[in-house]
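**Q** Before I ask anything, let me first share the structure, which is written out below as structure tokens.
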Amino acid sequence: MKKDIEELVIITSWQRFKEYLYYDEEMELLLDISRMNFTPEFLTEMTEPMGTVYHQLQLMEKGALANPDEGRMVGHYWLRNPDLAPSEEIAQDIKETLGEILDFAEQIHMGSFRNILLVGVGGSILGPRFVADALASPQDKMKAFFIDNGDPDGIDRVLSHIGEELNATLCIIISKSGGTIETRNGMLEVRKRYEELGLSFPGHAVAITQRGSELDKLSQKEGWLRAFPMWDWVGGRTSLLSAVGLLSLALQGIDTAGLLQGARDCDKRTRRPDTLNNPGALLALMWYHSTQGHGGKQMVVLPYKDRLELFTKYLQQLIMESLGKEKNLKGETVHQGITVYGNKGSSDQHSYLQQLLEGPNNFFVTFIEVLKDRQGPSAYMEENSTSGEYLQAFLLGTREALTQKGRESMTITVKEINAYTIGVLIALFERAVSIYALLVGINAYHQPAVEMGKKAAGQAIQLKNRIVYFLKSHPSEKFSVHEIALAIQEEEHQEMVFKILLHLTINPEHGVNMEPGHPLPESRFFVGG
Ligand SMILES: O=P(O)(O)OC[C@H]1O[C@](O)(CO)[C@@H](O)[C@@H]1O
């Protein structure tokens, strides 16, 4: 039975807009939730649960084990306010590390390095890449390149862009655990390139990792230029304001103090136990109401500013790796999460907006509006209007159309994009994630399922090695997938054996070939003539 598309009537009015508008003059931030379909009764009934949330947030910032599954504290908020840390030792460590980052950047700026090459995956690179792009300017002191996964061709493309300038490129290897395979492979690929050019990799390398990790030990053993610490109480997806983000941004010459100040100011507001004056709480409550606290709707994040093009990509990890959990803190199976997608308006209007307006009403939109159009004045296009006025009109038009079609939206407005604003936005969503997780009772700070994927990848590599070993032990003999799987006692994994064989035949390293003339899955594979 086809489920009727829920025809929502969005209650909106100037009165409602004014009643629920959050406006923060100092942060130059507005949050308009009036087109989300909550009622005053909802806010009233959430008063008590929010009281508990505010208390738990305080405990978390005081050092409670808010990540119980890993027995860890949750301390990314201390990164921008070290005096909040639960011990003088932690506070000192944060302050000293920041000082060392800034001093190191100053030293590098006096030297001959002109580029930085970041190698990492997930939170170890999404944040630095987002902010580097958002705040990039012709005045940047160093040019940043990014290797954010293990695609060989992707690595080749980045290295070809750097070319001979590799000798003037500082390579920053970022891995909290120090053991992530994609990052290790990226490092080994890059190292090989340095060595091919007769360059010392350790003489160009910096590590950002937990003290004592494999990566840390390697950097110490080989005498890399530096190693900066990450702490177990900072998750990858909330590590942007640690050395993970601050080192590369300081090297680029970006205003790290502004970034930290923006996050600190936003934290101050999102600590308030007064929901209507707490933008993080309002955001989390809107997520909670719209998704019914159970992923019932998806979050479309639509920044109308090119500099925020990577923001949604960053938020996907922050929100989905935090909230996408099978079990809640009571051990019940809940399959929690909120799906996040979006690139940028108005490009996305010419991509999937048609479906947003007429398809399933299974989402809410979060517009991000930036008031300042550009540095300097704009010319008129048509109708005595600038391109920036048109851009705002596209946002407003889309917002109206969604409302008319009964689709929810909220709007975050900032005056302009600068380090301070980026700090505010990052802290706003980090806090909203913490609050939402407390409302639905899950641990937002571990990622158990990803470990499963890493383990399965290891098994696939072992299987590949056994396939190659078997074929090389029987040179020129031809075998079907089934025969190979049987021979290596992997009959229940014939599909994976087939897929690995296919990849082996396309790439030259192991000399695996496929005999022509057979329907693909029935092909016969061999090594040698
Ligand atoms: O910084 P690491 O330890 O290499 O981890 C990289 C990424 O992998 C994860 O642990 C799992 O996706 C992320 O949380 C993290 O940002």
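Each chain in the structure tokens gets a letter, A, B and so on, in the order shown; residues start at 1 in every chain, and ligands are counted from 1 in the order they appear.
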At a cut-off of 9 Å around ligand 1, and using only C-alpha atoms and all ligand atoms, what residues come up? Please write them as a ChimeraX atom specification.

**A** /A:120-126,174-184,208-210,235-239,244,317-318,321-322,445-451,454

**Q** How would the residues just chosen look if you wrote them out with N, CA and C atoms as a compact mmCIF listing (two decimals), in the first residue's frame?

**A**
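Result went into selection32.txt, see below:
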```
# COMPACT_ATOMS: atom_id res chain seq x y z
N GLY A 120 45.98 11.88 5.17
CA GLY A 120 45.13 11.38 6.26
C GLY A 120 43.81 10.90 5.69
N VAL A 121 42.92 10.50 6.57
CA VAL A 121 41.61 10.04 6.11
C VAL A 121 40.58 10.43 7.17
N GLY A 122 39.34 10.57 6.76
CA GLY A 122 38.27 10.91 7.72
C GLY A 122 38.55 12.23 8.40
N GLY A 123 38.31 12.25 9.72
CA GLY A 123 38.46 13.50 10.45
C GLY A 123 39.88 14.03 10.45
N SER A 124 40.83 13.18 10.08
CA SER A 124 42.22 13.66 10.07
C SER A 124 42.50 14.54 8.88
N ILE A 125 41.54 14.60 7.94
CA ILE A 125 41.82 15.46 6.78
C ILE A 125 40.59 16.26 6.31
N LEU A 126 39.38 15.75 6.62
CA LEU A 126 38.17 16.45 6.14
C LEU A 126 38.10 17.88 6.69
N ILE A 174 48.84 12.57 9.17
CA ILE A 174 47.90 12.77 10.28
C ILE A 174 47.11 11.49 10.55
N SER A 175 47.30 10.95 11.72
CA SER A 175 46.53 9.76 12.09
C SER A 175 46.52 9.63 13.60
N LYS A 176 45.36 9.82 14.18
CA LYS A 176 45.26 9.74 15.64
C LYS A 176 45.73 8.37 16.11
N SER A 177 45.21 7.30 15.51
CA SER A 177 45.58 5.94 15.95
C SER A 177 47.01 5.61 15.51
N GLY A 178 47.43 6.26 14.40
CA GLY A 178 48.76 5.99 13.88
C GLY A 178 48.83 4.68 13.13
N GLY A 179 47.64 4.06 12.91
CA GLY A 179 47.66 2.76 12.25
C GLY A 179 46.70 2.61 11.09
N THR A 180 46.03 3.69 10.71
CA THR A 180 45.02 3.57 9.63
C THR A 180 45.70 3.25 8.31
N ILE A 181 45.22 2.17 7.65
CA ILE A 181 45.93 1.65 6.48
C ILE A 181 45.97 2.65 5.34
N GLU A 182 44.84 3.35 5.09
CA GLU A 182 44.84 4.31 3.97
C GLU A 182 45.94 5.36 4.17
N THR A 183 46.08 5.80 5.42
CA THR A 183 47.07 6.85 5.69
C THR A 183 48.49 6.28 5.58
N ARG A 184 48.67 5.07 6.07
CA ARG A 184 49.98 4.43 5.95
C ARG A 184 50.35 4.26 4.50
N ILE A 208 51.32 13.92 13.05
CA ILE A 208 50.33 14.36 14.05
C ILE A 208 49.59 13.09 14.47
N THR A 209 49.83 12.66 15.70
CA THR A 209 49.34 11.35 16.12
C THR A 209 49.41 11.25 17.65
N GLN A 210 48.77 10.22 18.18
CA GLN A 210 48.85 10.02 19.64
C GLN A 210 50.27 9.63 20.04
N GLY A 235 38.15 12.93 19.41
CA GLY A 235 37.84 12.01 18.30
C GLY A 235 38.32 12.61 16.98
N GLY A 236 38.54 11.78 15.98
CA GLY A 236 38.98 12.28 14.68
C GLY A 236 38.04 13.32 14.13
N ARG A 237 36.73 13.07 14.27
CA ARG A 237 35.75 13.98 13.66
C ARG A 237 35.56 15.27 14.45
N THR A 238 36.20 15.34 15.61
CA THR A 238 36.13 16.59 16.38
C THR A 238 37.54 17.10 16.68
N SER A 239 38.46 16.80 15.78
CA SER A 239 39.88 17.12 16.06
C SER A 239 40.37 18.37 15.33
N VAL A 244 45.60 18.73 14.40
CA VAL A 244 45.10 18.20 13.11
C VAL A 244 44.73 19.33 12.16
N GLN A 317 30.61 13.43 8.22
CA GLN A 317 31.32 12.58 9.19
C GLN A 317 30.95 12.98 10.61
N LEU A 318 30.98 14.29 10.87
CA LEU A 318 30.72 14.73 12.26
C LEU A 318 29.38 14.20 12.75
N GLU A 321 28.90 9.82 11.68
CA GLU A 321 29.77 8.88 12.40
C GLU A 321 29.51 8.99 13.90
N SER A 322 28.97 10.13 14.33
CA SER A 322 28.62 10.31 15.75
C SER A 322 27.28 9.67 16.08
N TYR A 445 30.69 9.20 20.46
CA TYR A 445 32.14 9.45 20.36
C TYR A 445 32.96 8.20 20.04
N HIS A 446 32.27 7.11 19.68
CA HIS A 446 33.05 5.95 19.21
C HIS A 446 32.54 5.57 17.83
N GLN A 447 33.21 4.64 17.17
CA GLN A 447 32.78 4.24 15.82
C GLN A 447 33.06 2.75 15.63
N PRO A 448 32.33 1.92 16.35
CA PRO A 448 32.61 0.48 16.36
C PRO A 448 32.50 -0.18 14.98
N ALA A 449 31.53 0.25 14.20
CA ALA A 449 31.29 -0.45 12.92
C ALA A 449 32.44 -0.22 11.95
N VAL A 450 33.09 0.92 12.04
CA VAL A 450 34.17 1.21 11.10
C VAL A 450 35.32 0.22 11.35
N GLU A 451 35.48 -0.18 12.62
CA GLU A 451 36.54 -1.16 12.94
C GLU A 451 36.23 -2.47 12.20
N LYS A 454 37.48 -2.21 8.73
CA LYS A 454 38.95 -2.31 8.66
C LYS A 454 39.37 -3.78 8.74
```

**Q** Show which residues sit within 8 Å of Pro273 in chain A, as a count of residues only. Count only C-alpha atoms, and ignore same-chain residues fewer than 5 positions away.

**A** 4

**Q** From a backbone DSSP assignment, name each residue in range 338-409 of chain A labelled strand (DSSP E), as a ChimeraX atom specification.

**A** /A:340-341,363-370,408-409

**Q** What does the file look like for those residues with C-alpha atoms, as a tab-separated table (two decimals), in the first residue's frame?

**A**
```tsv
chain	number	residue	atom	x	y	z
A	340	VAL	CA	23.25	14.23	5.88
A	341	TYR	CA	23.79	15.40	2.32
A	363	PHE	CA	14.02	15.59	4.87
A	364	PHE	CA	14.53	19.05	6.30
A	365	VAL	CA	16.81	21.67	4.80
A	366	THR	CA	19.38	23.69	6.71
A	367	PHE	CA	20.24	26.76	4.66
A	368	ILE	CA	23.48	28.54	5.42
A	369	GLU	CA	23.24	32.15	4.32
A	370	VAL	CA	26.27	34.44	4.13
A	408	GLU	CA	10.66	22.03	6.58
A	409	SER	CA	13.71	24.27	6.58
```

**Q** Counting only C-alpha atoms, what is within 7 Å of range 26-41 of chain A, bar same-chain residues fewer than 2 positions away, as a VMD selection string?

**A** chain A and resid 10 to 12 16 to 17 20 to 24 43 to 45 279 286 289 408 to 415

**Q** Restricting the output to N, CA and C atoms, write the selected residues as a PDB file, in the first residue's frame.

**A**
```pdb
ATOM      1  N   ILE A  10       3.254  24.022   6.666  1.00  0.00           N
ATOM      2  CA  ILE A  10       4.221  24.677   7.537  1.00  0.00           C
ATOM      3  C   ILE A  10       3.600  25.994   8.032  1.00  0.00           C
ATOM      4  N   ILE A  11       3.514  26.063   9.379  1.00  0.00           N
ATOM      5  CA  ILE A  11       2.951  27.300   9.950  1.00  0.00           C
ATOM      6  C   ILE A  11       4.051  28.356   9.915  1.00  0.00           C
ATOM      7  N   THR A  12       3.860  29.403   9.202  1.00  0.00           N
ATOM      8  CA  THR A  12       4.903  30.422   9.206  1.00  0.00           C
ATOM      9  C   THR A  12       4.245  31.788   9.235  1.00  0.00           C
ATOM     10  N   ARG A  16       5.825  34.435  14.058  1.00  0.00           N
ATOM     11  CA  ARG A  16       6.536  33.192  14.453  1.00  0.00           C
ATOM     12  C   ARG A  16       8.027  33.370  14.211  1.00  0.00           C
ATOM     13  N   PHE A  17       8.362  33.999  13.083  1.00  0.00           N
ATOM     14  CA  PHE A  17       9.773  34.239  12.753  1.00  0.00           C
ATOM     15  C   PHE A  17      10.441  35.004  13.893  1.00  0.00           C
ATOM     16  N   TYR A  20      10.803  33.086  17.400  1.00  0.00           N
ATOM     17  CA  TYR A  20      11.797  32.023  17.575  1.00  0.00           C
ATOM     18  C   TYR A  20      13.173  32.363  17.010  1.00  0.00           C
ATOM     19  N   LEU A  21      13.352  33.594  16.521  1.00  0.00           N
ATOM     20  CA  LEU A  21      14.654  33.945  15.931  1.00  0.00           C
ATOM     21  C   LEU A  21      15.722  34.008  17.021  1.00  0.00           C
ATOM     22  N   TYR A  22      16.809  33.248  16.799  1.00  0.00           N
ATOM     23  CA  TYR A  22      17.968  33.399  17.685  1.00  0.00           C
ATOM     24  C   TYR A  22      18.897  34.381  17.005  1.00  0.00           C
ATOM     25  N   TYR A  23      19.263  35.465  17.687  1.00  0.00           N
ATOM     26  CA  TYR A  23      20.176  36.449  17.093  1.00  0.00           C
ATOM     27  C   TYR A  23      21.296  36.737  18.062  1.00  0.00           C
ATOM     28  N   ASP A  24      22.558  36.599  17.580  1.00  0.00           N
ATOM     29  CA  ASP A  24      23.701  36.860  18.455  1.00  0.00           C
ATOM     30  C   ASP A  24      24.566  37.929  17.813  1.00  0.00           C
ATOM     31  N   LEU A  43       8.307  22.498  22.683  1.00  0.00           N
ATOM     32  CA  LEU A  43       9.396  23.113  23.460  1.00  0.00           C
ATOM     33  C   LEU A  43       9.128  22.962  24.953  1.00  0.00           C
ATOM     34  N   THR A  44       7.875  23.082  25.315  1.00  0.00           N
ATOM     35  CA  THR A  44       7.527  22.950  26.746  1.00  0.00           C
ATOM     36  C   THR A  44       7.816  21.533  27.227  1.00  0.00           C
ATOM     37  N   GLU A  45       7.373  20.561  26.427  1.00  0.00           N
ATOM     38  CA  GLU A  45       7.552  19.165  26.884  1.00  0.00           C
ATOM     39  C   GLU A  45       9.030  18.752  26.873  1.00  0.00           C
ATOM     40  N   PRO A 279      21.797  28.345  20.680  1.00  0.00           N
ATOM     41  CA  PRO A 279      21.642  27.921  19.271  1.00  0.00           C
ATOM     42  C   PRO A 279      21.924  26.436  19.048  1.00  0.00           C
ATOM     43  N   MET A 286      15.494  20.843  16.896  1.00  0.00           N
ATOM     44  CA  MET A 286      14.846  20.799  15.567  1.00  0.00           C
ATOM     45  C   MET A 286      15.140  19.458  14.908  1.00  0.00           C
ATOM     46  N   HIS A 289      12.910  16.935  16.700  1.00  0.00           N
ATOM     47  CA  HIS A 289      11.477  17.009  16.353  1.00  0.00           C
ATOM     48  C   HIS A 289      11.246  16.499  14.929  1.00  0.00           C
ATOM     49  N   GLU A 408      10.064  21.234   5.510  1.00  0.00           N
ATOM     50  CA  GLU A 408      10.663  22.030   6.583  1.00  0.00           C
ATOM     51  C   GLU A 408      12.022  22.574   6.204  1.00  0.00           C
ATOM     52  N   SER A 409      12.338  23.753   6.740  1.00  0.00           N
ATOM     53  CA  SER A 409      13.708  24.267   6.576  1.00  0.00           C
ATOM     54  C   SER A 409      14.045  25.184   7.731  1.00  0.00           C
ATOM     55  N   MET A 410      15.341  25.301   7.996  1.00  0.00           N
ATOM     56  CA  MET A 410      15.803  26.323   8.931  1.00  0.00           C
ATOM     57  C   MET A 410      16.973  27.051   8.270  1.00  0.00           C
ATOM     58  N   THR A 411      17.293  28.219   8.773  1.00  0.00           N
ATOM     59  CA  THR A 411      18.337  29.024   8.135  1.00  0.00           C
ATOM     60  C   THR A 411      19.313  29.565   9.165  1.00  0.00           C
ATOM     61  N   ILE A 412      20.580  29.261   8.912  1.00  0.00           N
ATOM     62  CA  ILE A 412      21.657  29.844   9.722  1.00  0.00           C
ATOM     63  C   ILE A 412      22.235  30.980   8.891  1.00  0.00           C
ATOM     64  N   THR A 413      22.280  32.161   9.453  1.00  0.00           N
ATOM     65  CA  THR A 413      22.811  33.309   8.718  1.00  0.00           C
ATOM     66  C   THR A 413      24.040  33.855   9.425  1.00  0.00           C
ATOM     67  N   VAL A 414      25.108  34.043   8.659  1.00  0.00           N
ATOM     68  CA  VAL A 414      26.299  34.694   9.209  1.00  0.00           C
ATOM     69  C   VAL A 414      26.631  35.879   8.324  1.00  0.00           C
ATOM     70  N   LYS A 415      27.369  36.805   8.868  1.00  0.00           N
ATOM     71  CA  LYS A 415      27.652  38.028   8.101  1.00  0.00           C
ATOM     72  C   LYS A 415      28.634  37.735   6.974  1.00  0.00           C
TER      73      LYS A 415
END
```

**Q** Contacts of range 311-314 of chain A at 10 Å or less, counting only C-alpha atoms, minus same-chain residues fewer than 3 places along, as an MDAnalysis selection string?

**A** chainID A and resid 122:123 125:131 133:134 237 299:303 306:308 317:319 340:344 422 425:426

**Q** Quick one: DSSP alpha helix (DSSP H) residues in range 192-346 of chain A, as an MDAnalysis selection string?

**A** chainID A and resid 192:196 214:222 243:252 256:269 279:290 311:315 322:323

**Q** Please provide as number ranges by chain all residues within 9 Å of range 487-500 of chain A, with the sequence filter that same-chain residues fewer than 5 positions apart are discarded (counting only C-alpha atoms).

**A** A: 460, 463-464, 466-467, 470, 481-482, 505, 521

**Q** Separation of CA of Gly331 in chain A and CA of His294 in chain A, in Å?

**A** 15.9 Å

**Q** At a cut-off of 7 Å, can you tabulate as a tab-separated table every residue of range 397-471 of chain A near range 250-266 of chain A together with its closest atom pair and the distance in Å to one decimal, using only C-alpha atoms and ordering rows by chain then number?

**A**
```
residue	atom	partner	partner_atom	distance
A:Ala419	CA	A:Leu259	CA	4.6
A:Tyr420	CA	A:Gly262	CA	4.3
A:Thr421	CA	A:Gly262	CA	6.0
A:Ile422	CA	A:Leu259	CA	6.4
A:Gly423	CA	A:Ala263	CA	4.4
A:Val424	CA	A:Gly262	CA	4.5
A:Ile426	CA	A:Ala263	CA	6.8
A:Ala427	CA	A:Ala263	CA	5.0
A:Leu428	CA	A:Cys266	CA	6.3
```

**Q** Give me, as a ChimeraX atom specification, all polymer residues having an atom no more than 10 Å from range 102-111 of chain A, counting only C-alpha atoms and skipping those fewer than 5 positions away in the same chain.

**A** /A:96-97,141-142,168,170,225-226,246-253,256

**Q** If you keep N, CA and C atoms, can you produce a file of those selected residues as a PDB file, in the first residue's frame?

**A**
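Dumped everything to again.pdb:
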```pdb
ATOM      1  N   GLU A  96      50.637  24.319  25.563  1.00  0.00           N
ATOM      2  CA  GLU A  96      52.015  24.166  25.065  1.00  0.00           C
ATOM      3  C   GLU A  96      52.016  23.683  23.615  1.00  0.00           C
ATOM      4  N   THR A  97      51.126  22.755  23.321  1.00  0.00           N
ATOM      5  CA  THR A  97      51.068  22.240  21.940  1.00  0.00           C
ATOM      6  C   THR A  97      50.704  23.360  20.973  1.00  0.00           C
ATOM      7  N   LYS A 141      50.373  31.762   2.946  1.00  0.00           N
ATOM      8  CA  LYS A 141      51.833  31.646   2.976  1.00  0.00           C
ATOM      9  C   LYS A 141      52.331  30.345   2.368  1.00  0.00           C
ATOM     10  N   MET A 142      51.490  29.330   2.360  1.00  0.00           N
ATOM     11  CA  MET A 142      51.885  28.042   1.758  1.00  0.00           C
ATOM     12  C   MET A 142      50.682  27.482   1.021  1.00  0.00           C
ATOM     13  N   ALA A 168      60.254  21.279  -1.957  1.00  0.00           N
ATOM     14  CA  ALA A 168      59.844  22.444  -1.137  1.00  0.00           C
ATOM     15  C   ALA A 168      58.520  22.163  -0.442  1.00  0.00           C
ATOM     16  N   LEU A 170      56.391  20.311   2.588  1.00  0.00           N
ATOM     17  CA  LEU A 170      56.386  19.697   3.915  1.00  0.00           C
ATOM     18  C   LEU A 170      55.251  18.688   3.936  1.00  0.00           C
ATOM     19  N   LEU A 225      60.981  15.838  11.157  1.00  0.00           N
ATOM     20  CA  LEU A 225      61.124  17.226  11.608  1.00  0.00           C
ATOM     21  C   LEU A 225      60.411  17.457  12.935  1.00  0.00           C
ATOM     22  N   ARG A 226      59.169  16.989  13.041  1.00  0.00           N
ATOM     23  CA  ARG A 226      58.416  17.169  14.285  1.00  0.00           C
ATOM     24  C   ARG A 226      57.337  16.111  14.417  1.00  0.00           C
ATOM     25  N   LEU A 246      44.980  22.849  13.215  1.00  0.00           N
ATOM     26  CA  LEU A 246      45.683  24.114  13.502  1.00  0.00           C
ATOM     27  C   LEU A 246      47.069  24.171  12.867  1.00  0.00           C
ATOM     28  N   LEU A 247      47.740  23.020  12.748  1.00  0.00           N
ATOM     29  CA  LEU A 247      49.096  23.075  12.186  1.00  0.00           C
ATOM     30  C   LEU A 247      49.060  23.518  10.730  1.00  0.00           C
ATOM     31  N   SER A 248      48.265  22.820   9.929  1.00  0.00           N
ATOM     32  CA  SER A 248      48.249  23.168   8.498  1.00  0.00           C
ATOM     33  C   SER A 248      47.692  24.567   8.286  1.00  0.00           C
ATOM     34  N   LEU A 249      46.711  24.958   9.108  1.00  0.00           N
ATOM     35  CA  LEU A 249      46.135  26.298   8.931  1.00  0.00           C
ATOM     36  C   LEU A 249      47.134  27.376   9.328  1.00  0.00           C
ATOM     37  N   ALA A 250      47.886  27.122  10.398  1.00  0.00           N
ATOM     38  CA  ALA A 250      48.927  28.086  10.802  1.00  0.00           C
ATOM     39  C   ALA A 250      49.998  28.180   9.720  1.00  0.00           C
ATOM     40  N   LEU A 251      50.341  27.057   9.123  1.00  0.00           N
ATOM     41  CA  LEU A 251      51.360  27.063   8.059  1.00  0.00           C
ATOM     42  C   LEU A 251      50.852  27.830   6.840  1.00  0.00           C
ATOM     43  N   GLN A 252      49.544  27.749   6.596  1.00  0.00           N
ATOM     44  CA  GLN A 252      48.984  28.508   5.470  1.00  0.00           C
ATOM     45  C   GLN A 252      48.899  29.997   5.809  1.00  0.00           C
ATOM     46  N   GLY A 253      49.037  30.294   7.104  1.00  0.00           N
ATOM     47  CA  GLY A 253      48.939  31.695   7.514  1.00  0.00           C
ATOM     48  C   GLY A 253      47.521  32.114   7.840  1.00  0.00           C
ATOM     49  N   THR A 256      44.358  31.275  13.095  1.00  0.00           N
ATOM     50  CA  THR A 256      43.965  30.201  14.019  1.00  0.00           C
ATOM     51  C   THR A 256      43.366  30.777  15.305  1.00  0.00           C
TER      52      THR A 256
END
```

**Q** Which value, in Å to one decimal, gives the distance between CA of Glu509 in chain A and CA of Pro152 in chain A?

**A** 13.4 Å
